[in-house]
Structure formats: structure tokens, C-alpha cells
file final-v2.cif (mmCIF, C-alpha atoms)
data_input
loop_
_atom_site.group_PDB
_atom_site.id
_atom_site.type_symbol
_atom_site.label_atom_id
_atom_site.label_comp_id
_atom_site.auth_asym_id
_atom_site.auth_seq_id
_atom_site.Cartn_x
_atom_site.Cartn_y
_atom_site.Cartn_z
ATOM 1 C CA MET A 9 83.199 93.704 118.392
ATOM 2 C CA CYS A 10 84.400 90.129 118.088
ATOM 3 C CA LEU A 11 87.977 89.160 117.354
ATOM 4 C CA LEU A 12 88.050 86.003 115.227
ATOM 5 C CA SER A 13 90.856 83.506 115.699
ATOM 6 C CA TYR A 14 92.642 81.397 113.091
ATOM 7 C CA SER A 15 92.006 78.225 115.086
ATOM 8 C CA GLU A 16 89.545 75.417 114.354
ATOM 9 C CA THR A 17 86.785 77.695 115.620
ATOM 10 C CA ILE A 18 87.303 80.241 112.837
ATOM 11 C CA GLY A 19 84.041 82.030 112.209
ATOM 12 C CA ILE A 20 83.102 81.913 115.894
ATOM 13 C CA GLY A 21 84.132 84.650 118.295
ATOM 14 C CA ASP A 22 86.740 83.386 120.743
ATOM 15 C CA TYR A 23 87.140 86.839 122.224
ATOM 16 C CA ILE A 24 84.687 89.653 122.813
ATOM 17 C CA VAL A 25 86.133 93.117 123.320
ATOM 18 C CA GLY A 26 83.776 95.864 124.458
ATOM 19 C CA SER A 27 84.212 99.599 124.976
ATOM 20 C CA ILE A 28 82.395 100.703 128.112
ATOM 21 C CA ARG A 29 83.713 104.183 127.343
ATOM 22 C CA LYS A 30 81.703 104.320 124.118
ATOM 23 C CA TRP A 31 78.586 102.507 125.311
ATOM 24 C CA PHE A 32 78.033 104.707 128.350
ATOM 25 C CA ALA A 33 79.731 107.914 127.117
ATOM 26 C CA LEU A 34 82.315 107.663 129.901
ATOM 27 C CA PRO A 35 85.893 108.944 130.066
ATOM 28 C CA ASP A 36 87.338 105.407 129.963
ATOM 29 C CA GLY A 37 86.658 101.719 130.492
ATOM 30 C CA GLY A 38 86.452 98.478 128.557
ATOM 31 C CA PHE A 39 86.336 94.713 128.920
ATOM 32 C CA CYS A 40 87.566 91.535 127.286
ATOM 33 C CA ALA A 41 85.853 88.147 127.608
ATOM 34 C CA SER A 42 86.990 84.818 126.203
ATOM 35 C CA THR A 43 85.920 81.206 125.873
ATOM 36 C CA TYR A 44 89.463 80.338 127.008
ATOM 37 C CA ASP A 45 91.292 80.912 130.273
ATOM 38 C CA MET A 46 92.874 84.355 130.293
ATOM 39 C CA HIS A 47 95.924 85.496 132.195
ATOM 40 C CA ASP A 48 95.408 88.291 134.693
ATOM 41 C CA LEU A 49 97.108 91.127 132.839
ATOM 42 C CA LYS A 50 99.114 93.731 134.674
ATOM 43 C CA LYS A 51 97.326 97.073 134.567
ATOM 44 C CA GLU A 52 98.711 100.566 134.986
ATOM 45 C CA GLN A 53 97.002 103.303 136.973
ATOM 46 C CA ALA A 54 94.093 105.119 135.346
ATOM 47 C CA ALA A 55 94.939 107.840 132.811
ATOM 48 C CA ASN A 56 94.046 110.798 135.021
ATOM 49 C CA ASN A 57 95.128 113.548 132.596
ATOM 50 C CA TYR A 58 92.899 112.143 129.889
ATOM 51 C CA THR A 59 89.971 111.701 132.298
ATOM 52 C CA PHE A 60 90.303 115.293 133.522
ATOM 53 C CA ASN A 61 90.345 116.764 130.005
ATOM 54 C CA TYR A 62 87.465 114.533 128.924
ATOM 55 C CA MET A 63 85.277 115.545 131.862
ATOM 56 C CA LEU A 64 85.921 119.248 131.290
ATOM 57 C CA ALA A 65 85.165 118.868 127.587
ATOM 58 C CA GLN A 66 81.884 117.058 128.261
ATOM 59 C CA LEU A 67 80.753 119.667 130.785
ATOM 60 C CA MET A 68 81.500 122.404 128.269
ATOM 61 C CA LYS A 69 79.697 120.444 125.558
ATOM 62 C CA GLN A 70 76.531 120.273 127.657
ATOM 63 C CA LYS A 71 76.717 124.021 128.306
ATOM 64 C CA TYR A 72 77.152 124.701 124.594
ATOM 65 C CA LEU A 73 74.180 122.493 123.683
ATOM 66 C CA GLN A 74 72.070 124.504 126.117
ATOM 67 C CA ASP A 75 73.367 127.816 124.761
ATOM 68 C CA ASN A 76 74.969 127.649 121.311
ATOM 69 C CA SER A 77 76.010 131.295 121.492
ATOM 70 C CA LEU A 78 78.932 130.137 123.651
ATOM 71 C CA ASP A 79 82.377 129.635 122.130
ATOM 72 C CA LYS A 80 82.579 125.960 121.193
ATOM 73 C CA THR A 81 86.268 126.156 120.249
ATOM 74 C CA LYS A 82 87.239 125.736 123.913
ATOM 75 C CA PHE A 83 85.273 122.494 124.112
ATOM 76 C CA LEU A 84 86.784 121.261 120.850
ATOM 77 C CA LYS A 85 90.299 122.092 122.064
ATOM 78 C CA LEU A 86 89.847 120.199 125.336
ATOM 79 C CA ASN A 87 88.212 117.300 123.531
ATOM 80 C CA LYS A 88 91.147 117.112 121.112
ATOM 81 C CA MET A 89 93.607 117.162 124.017
ATOM 82 C CA GLY A 90 91.752 114.257 125.595
ATOM 83 C CA MET A 91 91.628 112.286 122.344
ATOM 84 C CA ASP A 92 95.321 112.944 121.643
ATOM 85 C CA THR A 93 96.144 111.590 125.104
ATOM 86 C CA LEU A 94 93.900 108.566 124.605
ATOM 87 C CA PHE A 95 95.345 107.546 121.242
ATOM 88 C CA SER A 96 98.975 108.157 122.198
ATOM 89 C CA ASP A 97 98.860 105.663 125.058
ATOM 90 C CA TYR A 98 97.971 102.024 124.418
ATOM 91 C CA LYS A 99 98.864 100.691 127.851
ATOM 92 C CA ILE A 100 96.346 98.545 129.685
ATOM 93 C CA ARG A 101 95.058 100.741 132.490
ATOM 94 C CA GLU A 102 92.637 100.482 135.366
ATOM 95 C CA MET A 103 89.229 102.024 134.826
ATOM 96 C CA SER A 104 89.146 105.396 136.562
ATOM 97 C CA GLU A 105 87.056 105.834 139.692
ATOM 98 C CA VAL A 106 85.174 108.654 137.968
ATOM 99 C CA SER A 107 84.055 106.302 135.187
ATOM 100 C CA ILE A 108 83.133 103.539 137.632
ATOM 101 C CA GLN A 109 80.859 105.850 139.612
ATOM 102 C CA LEU A 110 79.323 107.343 136.462
ATOM 103 C CA MET A 111 78.616 103.854 135.101
ATOM 104 C CA LYS A 112 76.948 102.790 138.350
ATOM 105 C CA SER A 113 74.654 105.803 138.168
ATOM 106 C CA SER A 114 73.805 105.344 134.468
ATOM 107 C CA ASP A 115 70.204 104.776 133.419
ATOM 108 C CA VAL A 116 70.609 101.810 131.068
ATOM 109 C CA ARG A 117 67.008 101.885 129.854
ATOM 110 C CA SER A 118 67.349 105.551 128.943
ATOM 111 C CA ILE A 119 70.595 104.882 127.072
ATOM 112 C CA ILE A 120 68.938 102.082 125.089
ATOM 113 C CA SER A 121 65.922 104.233 124.263
ATOM 114 C CA ILE A 122 67.982 107.238 123.140
ATOM 115 C CA ARG A 123 70.301 105.095 121.008
ATOM 116 C CA GLU A 124 67.327 103.445 119.306
ATOM 117 C CA ASP A 125 65.665 106.792 118.608
ATOM 118 C CA ASN A 126 68.869 108.421 117.366
ATOM 119 C CA TYR A 127 69.698 105.509 115.052
ATOM 120 C CA ARG A 128 66.179 105.612 113.637
ATOM 121 C CA SER A 129 66.385 109.395 113.103
ATOM 122 C CA LEU A 130 69.690 109.077 111.257
ATOM 123 C CA TRP A 131 68.406 106.186 109.167
ATOM 124 C CA LEU A 132 65.222 107.998 108.126
ATOM 125 C CA LYS A 133 67.223 111.009 106.936
ATOM 126 C CA LEU A 134 70.126 109.217 105.267
ATOM 127 C CA ALA A 135 67.885 106.660 103.551
ATOM 128 C CA LYS A 136 66.472 109.530 101.472
ATOM 129 C CA ILE A 137 69.898 110.374 99.995
ATOM 130 C CA PRO A 138 70.443 108.248 96.859
ATOM 131 C CA GLN A 139 74.247 108.518 97.061
ATOM 132 C CA VAL A 140 74.275 106.985 100.554
ATOM 133 C CA THR A 141 73.809 103.314 101.395
ATOM 134 C CA VAL A 142 73.034 102.559 105.038
ATOM 135 C CA MET A 143 74.694 99.186 105.593
ATOM 136 C CA ILE A 144 72.430 98.101 108.469
ATOM 137 C CA PRO A 145 68.823 99.337 108.088
ATOM 138 C CA TRP A 146 66.952 100.368 111.197
ATOM 139 C CA GLU A 147 64.955 97.672 112.940
ATOM 140 C CA VAL A 148 63.182 97.583 116.271
ATOM 141 C CA GLY A 149 65.594 96.344 118.907
ATOM 142 C CA ILE A 150 68.841 97.484 117.270
ATOM 143 C CA ILE A 151 71.042 99.071 119.939
ATOM 144 C CA PRO A 152 74.079 100.191 117.938
ATOM 145 C CA LEU A 153 77.277 102.009 118.746
ATOM 146 C CA GLY A 154 77.404 103.508 115.287
ATOM 147 C CA MET A 155 75.769 103.726 111.885
ATOM 148 C CA VAL A 156 77.839 102.461 108.959
ATOM 149 C CA ILE A 157 77.244 104.029 105.550
ATOM 150 C CA ALA A 158 78.855 103.407 102.162
ATOM 151 C CA VAL A 159 79.485 106.218 99.674
ATOM 152 C CA GLU A 160 81.566 106.871 96.591
ATOM 153 C CA ASP A 161 84.420 109.342 97.099
ATOM 154 C CA ARG A 162 84.338 108.503 100.791
ATOM 155 C CA ASP A 163 87.569 110.311 101.659
ATOM 156 C CA ARG A 164 86.311 113.655 100.337
ATOM 157 C CA LEU A 165 83.127 113.313 102.396
ATOM 158 C CA TYR A 166 85.177 112.324 105.439
ATOM 159 C CA ASP A 167 87.486 115.343 105.102
ATOM 160 C CA ASN A 168 84.523 117.685 104.697
ATOM 161 C CA LEU A 169 82.776 116.280 107.774
ATOM 162 C CA ILE A 170 85.911 116.582 109.908
ATOM 163 C CA LYS A 171 86.434 120.180 108.761
ATOM 164 C CA ASN A 172 82.906 120.917 109.992
ATOM 165 C CA ASP A 173 83.550 119.223 113.351
ATOM 166 C CA ILE A 174 81.302 116.247 112.573
ATOM 167 C CA TYR A 175 82.833 113.191 114.206
ATOM 168 C CA CYS A 176 83.050 110.000 112.161
ATOM 169 C CA ASN A 177 85.407 107.060 111.719
ATOM 170 C CA ILE A 178 86.755 104.952 108.886
ATOM 171 C CA HIS A 179 86.287 101.274 109.791
ATOM 172 C CA TRP A 180 88.634 99.810 108.770
ATOM 173 C CA ARG A 181 91.542 100.596 106.498
ATOM 174 C CA THR A 182 93.061 97.489 104.955
ATOM 175 C CA ASN A 183 96.340 96.162 106.279
ATOM 176 C CA ARG A 184 99.155 94.933 104.058
ATOM 177 C CA CYS A 185 99.761 92.080 106.508
ATOM 178 C CA MET A 186 96.277 90.694 105.892
ATOM 179 C CA ASP A 187 94.980 88.645 102.997
ATOM 180 C CA ASN A 188 92.261 91.098 101.994
ATOM 181 C CA SER A 189 89.321 89.935 99.919
ATOM 182 C CA GLU A 190 87.735 92.114 97.237
ATOM 183 C CA GLU A 191 84.797 92.708 99.577
ATOM 184 C CA ALA A 192 87.069 93.849 102.415
ATOM 185 C CA ILE A 193 88.927 96.236 100.112
ATOM 186 C CA TRP A 194 85.643 97.687 98.800
ATOM 187 C CA LEU A 195 84.305 98.234 102.320
ATOM 188 C CA SER A 196 87.560 99.847 103.403
ATOM 189 C CA LYS A 197 87.359 102.349 100.541
ATOM 190 C CA HIS A 198 83.671 103.213 100.828
ATOM 191 C CA CYS A 199 82.517 102.997 104.454
ATOM 192 C CA LEU A 200 82.148 105.600 107.182
ATOM 193 C CA THR A 201 80.834 105.106 110.699
ATOM 194 C CA PHE A 202 78.814 107.768 112.486
ATOM 195 C CA ARG A 203 78.738 107.458 116.228
ATOM 196 C CA VAL A 204 75.221 106.986 117.603
ATOM 197 C CA ILE A 205 75.313 109.033 120.782
ATOM 198 C CA ASN A 206 73.299 108.492 123.921
ATOM 199 C CA ASP A 207 74.190 111.626 125.892
ATOM 200 C CA ILE A 208 71.759 113.795 123.907
ATOM 201 C CA GLN A 209 68.560 113.174 121.980
ATOM 202 C CA MET A 210 69.088 113.959 118.315
ATOM 203 C CA ASN A 211 66.483 116.029 116.506
ATOM 204 C CA ILE A 212 67.320 116.064 112.806
#
call {"tool": "encode", "arguments": {"input": "final-v2.cif", "output": "C-alpha cells"}}
result
Amino acid sequence: MCLLSYSETIGIGDYIVGSIRKWFALPDGGFCASTYDMHDLKKEQAANNYTFNYMLAQLMKQKYLQDNSLDKTKFLKLNKMGMDTLFSDYKIREMSEVSIQLMKSSDVRSIISIREDNYRSLWLKLAKIPQVTVMIPWEVGIIPLGMVIAVEDRDRLYDNLIKNDIYCNIHWRTNRCMDNSEEAIWLSKHCLTFRVINDIQMNI
């Protein structure tokens, strides 16, 4: 995503922040690029506890997808432990060696292809539901991290999805410190983001 400044270049991205963790389905990793000189920030050691829990959870997830008679609660518990660790620590950390090696061995073309196919599959299904508005229709060449939809009574849908272990995010809740427009408030109350995964091919 782009972070927009309040300088004379407002409307143009001065910073680009990317999540390597999300793009490549890795335990950790990210980057920040800028049109300005950036100070070399001090970084802590990699979050090894989080990486360990994440890797175990992903291995168990793959086993469950191959055999859904297995107990998925163990995977969900480990995944929650990893996520709790991730979102309780906002220090700037080095990318773990595990993630670096996994990224180097990633098949980028395969990731692009799977993301395209999964986004298209989601779009074809959700576009048939009159209560759902897909904010960005599928087009050839779209390589998204997530699919944003708008619905009435968004919070009830969100709660129901979470209860059924369907991962989604609310992007973004409004902030009292910001001068929110009517459009921003509407989006904040109606939008959900589904992650478009690349570690499995979706068949829905």
C-alpha cells in the first residue's frame, strides 16, 4: 500500500510499504521504499517464537488440506499463537533466515498464476450475490493481496465468518484523529477484505 504525505506532493505516494510475509505466504518480512533519503533504522533480531509457531501451523494446515479428517483445532491454536505474537510486537525486526530462504525458493510465476485464478474464482461466485458489491472487479492481470467487498450489516457478517474460522479483515476503521470524509466513513462501515491466498488453489 502507499502512505500519502501531507506535503506538496499530496496525492502521490512518497512511501511504499510492502508485506513480503503476505505476498509470499512467509512467516515474516517486509520492505519500505521512499522517494526521499531514509535513515538506516535499527532492527531487532528476528521474532523466532513467532516464526516457529507459524511454520508449525502451516505444516499442519497442509496436512489438514490433504486429509480433512484430521483435527484442525491444533492448527488453529498454533496459528492464533503466532498471530498473537505478531500483533503484540511492533518492533522493527530483521527478516528471519527461514523466510529469506523460503522467498529465494519461491516460484513467482506460480504465485502470480494462483492469485489470479483464486481472485477470479472468488469474483465469479460473489458477483452472483446481490447483497455483495465487489469493489474491484476481476480483470486479466490483477495480482491482488485481497478482495474487498462492501455489504450492509458488515459487522454481523464479519462476526459470523470469524466464528466459522474464515479469515477476513476490516480495512480500515476510521480514526478520530483524522478528518474523515463521508466516503471514508461509508467504506469503513461496509467493507471487508478477503485474503487471496497463493499457497493453495481454491476450488469454489
call {"tool": "residues_around", "arguments": {"input": "final-v2.cif", "residues": "Lys69 (chain A)", "least_positions_apart": "5", "cutoff": "12 Å", "atoms": "only C-alpha atoms", "output": "list in words"}}
result
Tyr62, Met63, Leu64, Gln74, Asp75, Asn76, Leu78, Asp79, Lys80, Thr81, Lys82, Phe83, Leu84, Lys85, Leu86, Asn87, Asp207 and Ile208 of chain A
call {"tool": "atom_distance", "arguments": {"input": "final-v2.cif", "atom1": "CA of Leu200 (chain A)", "atom2": "CA of His179 (chain A)"}}
result
6.5 Å
call {"tool": "resolve_selection", "arguments": {"input": "final-v2.cif", "expression": "the PyMOL selection byres ((chain A and resi 135-139) around 12)", "output": "MDAnalysis selection string"}}
result
chainID A and resid 127:134 140:146 155 157:162 165 198
call {"tool": "atom_distance", "arguments": {"input": "final-v2.cif", "atom1": "CA of Ala192 (chain A)", "atom2": "CA of Gly149 (chain A)"}}
result
27.2 Å
call {"tool": "atom_distance", "arguments": {"input": "final-v2.cif", "atom1": "CA of Lys171 (chain A)", "atom2": "CA of Gly90 (chain A)"}}
result
18.6 Å
call {"tool": "residues_around", "arguments": {"input": "final-v2.cif", "residues": "Arg29 (chain A)", "least_positions_apart": "5", "cutoff": "12 Å", "atoms": "all atoms listed in the file", "output": "number ranges by chain"}}
result
A: 34-39, 59, 62, 94, 103-104, 106-108, 110-111, 153, 205-206
call {"tool": "closest_residue", "arguments": {"input": "final-v2.cif", "among": "A:Glu190, A:Asp163, A:Asp48, A:Asp97", "to": "Asn177 (chain A)", "atoms": "all atoms listed in the file"}}
result
A:Asp163
call {"tool": "closest_residue", "arguments": {"input": "final-v2.cif", "among": "A:Gln53, A:Ser196, A:Ser27, A:Ser118", "to": "Cys40 (chain A)", "atoms": "only C-alpha atoms"}}
result
A:Ser27
call {"tool": "closest_residue", "arguments": {"input": "final-v2.cif", "among": "A:Gln70, A:Asn126, A:Thr93, A:Asn188", "to": "Val204 (chain A)", "atoms": "only C-alpha atoms"}}
result
A:Asn126
call {"tool": "resolve_selection", "arguments": {"input": "final-v2.cif", "expression": "the PyMOL selection byres ((chain A and resi 99) around 12)", "output": "VMD selection string"}}
result
chain A and resid 49 to 55 93 to 98 100 to 103
